[in-house]
Structures are given as structure tokens and as C-alpha cells.
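Everything below belongs to final.txt, which stores compact mmCIF, C-alpha atoms.
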```
# COMPACT_ATOMS: atom_id res chain seq x y z
CA MET A 27 1.10 -10.85 25.18
CA PRO A 28 3.22 -11.05 21.97
CA TYR A 29 4.60 -7.75 20.67
CA ARG A 30 2.74 -8.18 17.38
CA GLU A 31 -0.56 -8.62 19.19
CA LYS A 32 0.11 -5.41 21.12
CA THR A 33 0.78 -3.48 17.90
CA ALA A 34 -2.40 -4.93 16.36
CA TRP A 35 -4.41 -3.74 19.42
CA LEU A 36 -2.79 -0.32 19.07
CA SER A 37 -3.70 -0.05 15.38
CA LEU A 38 -7.25 -1.23 16.10
CA ILE A 39 -7.74 1.26 18.93
CA ALA A 40 -6.19 4.11 16.91
CA MET A 41 -8.55 3.34 14.04
CA VAL A 42 -11.64 3.22 16.25
CA VAL A 43 -10.93 6.37 18.29
CA THR A 44 -10.07 8.51 15.27
CA PHE A 45 -12.26 7.32 12.42
CA GLY A 46 -15.14 6.30 14.71
CA PRO A 47 -15.89 9.94 15.63
CA TYR A 48 -15.14 11.06 12.05
CA PHE A 49 -17.78 8.77 10.55
CA THR A 50 -20.23 9.56 13.36
CA ILE A 51 -19.95 13.29 12.59
CA VAL A 52 -20.23 12.63 8.85
CA ALA A 53 -23.35 10.48 9.38
CA MET A 54 -25.00 13.04 11.67
CA ARG A 55 -24.56 16.07 9.43
CA SER A 56 -25.48 16.21 5.80
CA VAL A 57 -22.23 16.80 3.95
CA PRO A 58 -22.48 18.90 0.79
CA GLY A 59 -21.40 16.64 -2.03
CA GLU A 60 -19.43 19.18 -4.04
CA LEU A 61 -15.65 19.24 -3.87
CA PRO A 62 -13.35 20.42 -2.40
CA ASN A 63 -15.44 21.30 0.75
CA LEU A 64 -12.52 22.42 2.92
CA ARG A 65 -14.44 21.93 6.17
CA GLN A 66 -14.91 18.25 5.39
CA LEU A 67 -11.29 17.99 4.24
CA GLY A 68 -10.19 19.57 7.54
CA LEU A 69 -12.21 17.04 9.54
CA PHE A 70 -10.58 14.22 7.63
CA ALA A 71 -7.12 15.75 8.17
CA VAL A 72 -7.76 15.95 11.94
CA ALA A 73 -8.74 12.25 12.04
CA ALA A 74 -5.73 11.21 9.94
CA ILE A 75 -3.22 13.29 11.95
CA ALA A 76 -4.69 12.06 15.26
CA GLN A 77 -4.34 8.47 14.05
CA MET A 78 -0.71 9.06 13.02
CA LEU A 79 0.08 10.61 16.40
CA ILE A 80 -1.53 7.75 18.35
CA LEU A 81 0.31 5.18 16.24
CA GLY A 82 3.65 7.00 16.47
CA ILE A 83 3.53 7.53 20.24
CA GLY A 84 2.05 4.06 20.81
CA HIS A 85 4.78 2.31 18.79
CA LEU A 86 7.50 4.26 20.61
CA TYR A 87 5.99 3.29 23.97
CA LEU A 88 5.64 -0.38 23.01
CA ARG A 89 9.20 -0.51 21.63
CA ARG A 90 10.56 0.94 24.87
CA GLY A 91 8.62 -1.62 26.88
CA SER A 92 9.69 -4.66 24.87
CA ALA A 93 12.72 -3.71 22.78
CA GLN A 94 13.88 -7.33 22.44
CA ASP A 95 10.49 -8.54 21.12
CA ALA A 96 10.30 -5.59 18.73
CA ARG A 97 13.61 -6.58 17.13
CA THR A 98 12.70 -10.27 16.79
CA PRO A 99 11.70 -11.06 13.20
CA PRO A 100 8.25 -12.64 12.70
CA ASP A 101 8.24 -16.44 13.05
CA GLU A 102 6.12 -18.95 11.14
CA ARG A 103 3.07 -18.46 13.41
CA ASP A 104 3.26 -14.67 13.04
CA ARG A 105 3.50 -15.04 9.27
CA ALA A 106 0.53 -17.47 9.19
CA ILE A 107 -1.58 -15.05 11.24
CA THR A 108 -0.59 -12.11 9.02
CA SER A 109 -1.42 -14.08 5.90
CA ARG A 110 -4.86 -15.09 7.27
CA SER A 111 -5.68 -11.54 8.35
CA ILE A 112 -4.69 -10.03 5.00
CA SER A 113 -6.78 -12.62 3.12
CA SER A 114 -9.84 -11.76 5.23
CA ALA A 115 -9.33 -8.01 4.81
CA TYR A 116 -8.86 -8.40 1.06
CA TYR A 117 -12.47 -9.62 0.62
CA VAL A 118 -13.83 -6.61 2.51
CA LEU A 119 -11.65 -4.23 0.49
CA ILE A 120 -12.51 -5.75 -2.89
CA PHE A 121 -16.25 -5.67 -2.05
CA GLY A 122 -15.89 -2.03 -1.02
CA MET A 123 -13.96 -1.02 -4.08
CA ILE A 124 -16.55 -2.64 -6.39
CA LEU A 125 -19.30 -0.79 -4.52
CA VAL A 126 -17.48 2.55 -4.51
CA GLY A 127 -15.86 2.36 -7.93
CA CYS A 128 -18.51 0.57 -9.99
CA VAL A 129 -21.90 1.19 -8.33
CA MET A 130 -21.77 4.52 -6.48
CA PRO A 131 -20.71 6.71 -9.46
CA PHE A 132 -24.19 6.08 -10.96
CA ASN A 133 -26.09 7.57 -8.01
CA SER A 134 -23.63 9.56 -5.86
CA SER A 135 -20.81 12.02 -6.22
CA GLY A 136 -18.13 14.01 -4.39
CA TRP A 137 -17.71 13.43 -0.66
CA SER A 138 -20.30 10.64 -0.56
CA ILE A 139 -18.01 8.51 -2.72
CA ILE A 140 -14.88 9.60 -0.83
CA ASN A 141 -16.45 8.80 2.55
CA ALA A 142 -17.78 5.46 1.31
CA ALA A 143 -14.27 4.58 0.11
CA LEU A 144 -12.87 5.61 3.50
CA VAL A 145 -15.47 3.46 5.30
CA MET A 146 -14.47 0.44 3.26
CA ILE A 147 -10.73 1.03 3.79
CA VAL A 148 -11.25 1.45 7.54
CA ALA A 149 -13.50 -1.65 7.61
CA ALA A 150 -10.81 -3.68 5.82
CA GLU A 151 -8.17 -2.46 8.29
CA VAL A 152 -10.43 -3.26 11.26
CA VAL A 153 -10.94 -6.78 9.87
CA HIS A 154 -7.17 -7.10 9.28
CA TYR A 155 -6.18 -6.13 12.84
CA GLY A 156 -9.24 -7.81 14.34
CA VAL A 157 -8.27 -11.17 12.80
CA VAL A 158 -4.67 -10.71 14.06
CA VAL A 159 -5.88 -10.03 17.62
CA LEU A 160 -8.42 -12.90 17.55
CA SER A 161 -5.83 -15.34 16.20
CA TYR A 162 -3.31 -14.49 18.92
CA ARG A 163 -6.02 -14.66 21.60
CA ARG A 164 -7.22 -18.08 20.40
CA GLN A 165 -3.69 -19.47 20.43
CA ALA A 166 -2.68 -17.85 23.73
CA MET B 8 -12.74 -34.51 6.20
CA MET B 9 -10.81 -36.72 8.63
CA GLU B 10 -10.81 -35.37 12.17
CA GLY B 11 -7.90 -35.56 14.53
CA SER B 12 -5.34 -33.58 16.43
CA ILE B 13 -1.62 -33.39 17.04
CA SER B 14 -0.43 -33.86 20.59
CA ASN B 15 3.13 -33.49 21.81
CA ARG B 16 5.47 -34.21 24.70
CA ILE B 17 7.43 -30.98 24.51
CA ARG B 18 6.69 -29.89 28.08
CA ILE B 19 7.93 -33.14 29.60
CA LEU B 20 10.92 -33.26 27.24
CA ARG B 21 11.91 -29.74 28.25
CA PHE B 22 11.70 -30.81 31.87
CA HIS B 23 13.95 -33.81 31.23
CA ASN B 24 16.46 -31.63 29.36
CA GLY B 25 17.61 -29.50 32.24
CA GLU B 26 14.27 -27.71 32.64
CA MET B 27 14.86 -25.92 29.38
CA SER B 28 12.71 -22.79 29.15
CA GLN B 29 10.21 -22.13 26.36
CA ALA B 30 12.26 -19.08 25.41
CA GLU B 31 15.45 -21.15 25.08
CA LEU B 32 13.73 -23.81 22.96
CA GLY B 33 12.19 -21.08 20.83
CA GLN B 34 15.56 -19.42 20.35
CA ARG B 35 17.14 -22.72 19.28
CA ILE B 36 14.54 -23.40 16.58
CA GLY B 37 13.91 -19.80 15.53
CA VAL B 38 10.44 -19.09 16.91
CA THR B 39 9.15 -16.94 19.77
CA ARG B 40 8.43 -18.13 23.31
CA GLN B 41 4.72 -17.55 22.68
CA THR B 42 4.80 -19.88 19.66
CA ILE B 43 6.38 -22.64 21.77
CA ALA B 44 3.67 -22.08 24.40
CA ALA B 45 0.97 -22.34 21.71
CA ILE B 46 2.53 -25.55 20.31
CA GLU B 47 2.77 -27.10 23.79
CA ALA B 48 -0.86 -26.28 24.50
CA GLY B 49 -1.91 -27.87 21.19
CA LYS B 50 -3.31 -24.55 19.95
CA TYR B 51 -0.90 -24.21 17.06
CA SER B 52 0.41 -26.98 14.81
CA PRO B 53 3.99 -26.22 13.81
CA SER B 54 5.29 -26.56 10.28
CA LEU B 55 7.02 -29.84 9.44
CA GLU B 56 10.35 -28.02 9.48
CA ALA B 57 9.77 -26.58 12.96
CA ALA B 58 8.61 -29.99 14.21
CA PHE B 59 11.82 -31.62 12.92
CA ARG B 60 13.89 -28.86 14.50
CA ILE B 61 12.22 -29.40 17.88
CA ALA B 62 12.82 -33.16 17.65
CA GLU B 63 16.46 -32.45 16.75
CA VAL B 64 16.91 -30.29 19.85
CA PHE B 65 15.80 -33.22 22.03
CA ASN B 66 17.77 -35.66 19.88
CA LEU B 67 14.68 -37.81 19.32
CA PRO B 68 12.78 -39.02 16.25
CA LEU B 69 9.79 -36.88 15.29
CA GLU B 70 7.21 -39.47 16.37
CA GLU B 71 8.53 -39.44 19.93
CA VAL B 72 7.83 -35.73 20.19
CA PHE B 73 4.62 -35.38 18.17
CA GLN B 74 1.74 -37.84 17.97
CA TRP B 75 -1.29 -37.86 15.69
CA ASP B 76 -4.56 -38.82 17.34
CA SER B 77 -7.08 -39.49 14.59
CA LYS B 78 -10.05 -39.81 16.99
CA ALA B 79 -9.55 -36.60 18.94
CA THR B 80 -11.00 -33.33 17.74
CA ARG B 81 -9.32 -30.01 18.30
CA VAL B 82 -11.10 -27.72 20.78
```
Output the structure of this file as C-alpha cells.
Amino acid sequence: MPYREKTAWLSLIAMVVTFGPYFTIVAMRSVPGELPNLRQLGLFAVAAIAQMLILGIGHLYLRRGSAQDARTPPDERDRAITSRSISSAYYVLIFGMILVGCVMPFNSSGWSIINAALVMIVAAEVVHYGVVVLSYRRQA
Amino acid sequence: MMEGSISNRIRILRFHNGEMSQAELGQRIGVTRQTIAAIEAGKYSPSLEAAFRIAEVFNLPLEEVFQWDSKATRV
């Protein structure tokens, strides 16, 4: 498996295991809309720190396992896959930002808007890494 | 849109050139071993520059390494 596919899997898994539970908890409890709501902020901080830790440790582990591959610069196929994945994620992100920035302010406020923005950012990242993984799998 | 696919003889050419490994060929043209494997399997079409570089490694014209089959469709 190429090193870049491994790092894409890592990012995908880190995103799912940290922000998956975060959004599940947010969906199950009604979050008071007013800011700052430190409890909600704390929950977000836990998810973000957990993601950073998983990514940091995961990258260190992958680098130790394939140091040569990690140092190799991306080739034309890697660049084509990156370009395709970023293009796909861009559409998700732009749709989300229109929804969050132009529609939601008329009927929502506070944490509802923040969480909606987070959902769209996470969705765009999942699409980004998902397309990378799928592209490498198809060409393997 | 016209359908077709690019086939290649890289695997057999590697064999005839001292059983050159995919990693060695990749190193010589500046791509990874996995990219060479994908090209050989017909799952990735290389850029024109990479195709010329591969042909140069085997000291052959491009059309003796890569062939265009206008009837075939890519799986």
C-alpha cells in the first residue's frame, strides 16, 4: 500500500473516531444556542485534541515503518489523485459554506451555526480523504 | 466520446532488460513503484513525459512500448 494511501486512511479514521462521537453527542442532546457555552466548547476541544493526537502518533508510526516512502516526493499519479480529491471536496465545502453563511443566519444562531459549519468541514475532509483512498484502491 | 484504452509492454520489456524491477524503473523515471505497477496493469495512463521517459529507459520508440487500442474499453 502506498505511503500516501496509508496517511489518507489514517486521516479518515482519525476524523471518524473523533468527530463521529462528537456529532452523535451533539445530535442526541439539545445544545443551548447561546455562546460561549463552555461545556460544548470543551467537548469540541476534546474531539480536536484527540484527532491531533491520533494523527501525530499515527504519522510517527507510519514514518518509522516506511521512512523511505515518506521521504519520496509525490509523483504525477499522487499529484493527479490529490488534485481530484481536492476538487471533489471543494464542492462539498462551498455548498456547506453557502448553507452555513448565507441561509442559516436567518433561522439559527450560536452553536447551531458553529456545529453546522463543523459538519460541512468534516464532510469535505471525509470526501477529500475518501477520494484519495478510493483512487489508490482502484489503481492498485 | 471515442472509446479506447492504452496497453503497454512494460512488463515484458523489464524482463528482457535484466529483469529490471518496478522500483528500479520507477526510480529511473521519477515515479514510485506503485505507479509503475498501476501503469503496467493498465489502471493508470502515464503523462506523455513519463511515457517518453519509460521508452527512453528501454531505448525504444514510444509506440513500441505503448499502444492505443481504439476498440477496447477500460475496465
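Shortest separation to chain A among B:Asn66, B:Ala44, B:Val72, B:Ile61 occurs at residue B:Ala44, atoms counted being all atoms listed in the file.
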Show me a table, sorted first by chain and then by increasing residue number, of the residues of chain A having an atom at most 9 Å from chain B, each with its shortest atom pair and the distance in Å to one decimal, counting only C-alpha atoms and written as a Markdown table.
```
| residue | atom | partner | partner_atom | distance |
| --- | --- | --- | --- | --- |
| A:Met27 | CA | B:Gln41 | CA | 8.0 |
| A:Pro28 | CA | B:Gln41 | CA | 6.7 |
| A:Asp95 | CA | B:Thr39 | CA | 8.6 |
| A:Thr98 | CA | B:Thr39 | CA | 8.1 |
| A:Pro99 | CA | B:Val38 | CA | 8.9 |
| A:Pro100 | CA | B:Val38 | CA | 8.0 |
| A:Asp101 | CA | B:Val38 | CA | 5.2 |
| A:Glu102 | CA | B:Val38 | CA | 7.2 |
| A:Arg103 | CA | B:Thr42 | CA | 6.6 |
| A:Asp104 | CA | B:Thr42 | CA | 8.6 |
| A:Arg164 | CA | B:Lys50 | CA | 7.6 |
| A:Gln165 | CA | B:Lys50 | CA | 5.1 |
| A:Ala166 | CA | B:Ala45 | CA | 6.1 |
```
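Between atom CA of A:Thr33 and atom CA of A:Ala76 lies a distance of 16.7 Å.
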Practice problem: Just give me the residues with any atom within 12 Å of (-12.5, 15.5, 10.0), file coordinates, counting all atoms listed in the file, written as a ChimeraX atom specification. | Solution: /A:44-53,57,63-77,141,144
Exercise. Provide the atom CA of A:Cys128 to atom CA of A:Ala150 distance in Å, to one decimal place.
Key: 18.1 Å
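Minimum distance to B:Glu56 across B:Met27, B:Ile36, B:Glu70, B:Ile17 (counting only C-alpha atoms) occurs at B:Ile36.
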Kindly compute an axis-aligned box around the listed atoms of stretch 10-15 of chain B, allowing 8 Å on each side, and express its centre and edge lengths in Å to one decimal as lines of an AutoDock Vina configuration file.
```
center_x = -3.8
center_y = -34.5
center_z = 17.0
size_x = 29.9
size_y = 18.2
size_z = 25.6
```
Exercise. Rounded to one decimal place, report the atom CA of A:Ala34-atom CA of A:Tyr155 distance in Å.
Key: 5.3 Å
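Among the candidates B:Phe59, B:Leu32, B:Glu47, B:Gly25, the one nearest to B:Glu71 when counting all atoms listed in the file is B:Phe59.
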Self-check item: Distance query A:Ile120 at most 12 Å, all atoms listed in the file, self and fewer than 6 positions along chain excluded, as a PyMOL selection string
Solution: chain A and resi 112-114+126-128+143+146-147+149-150
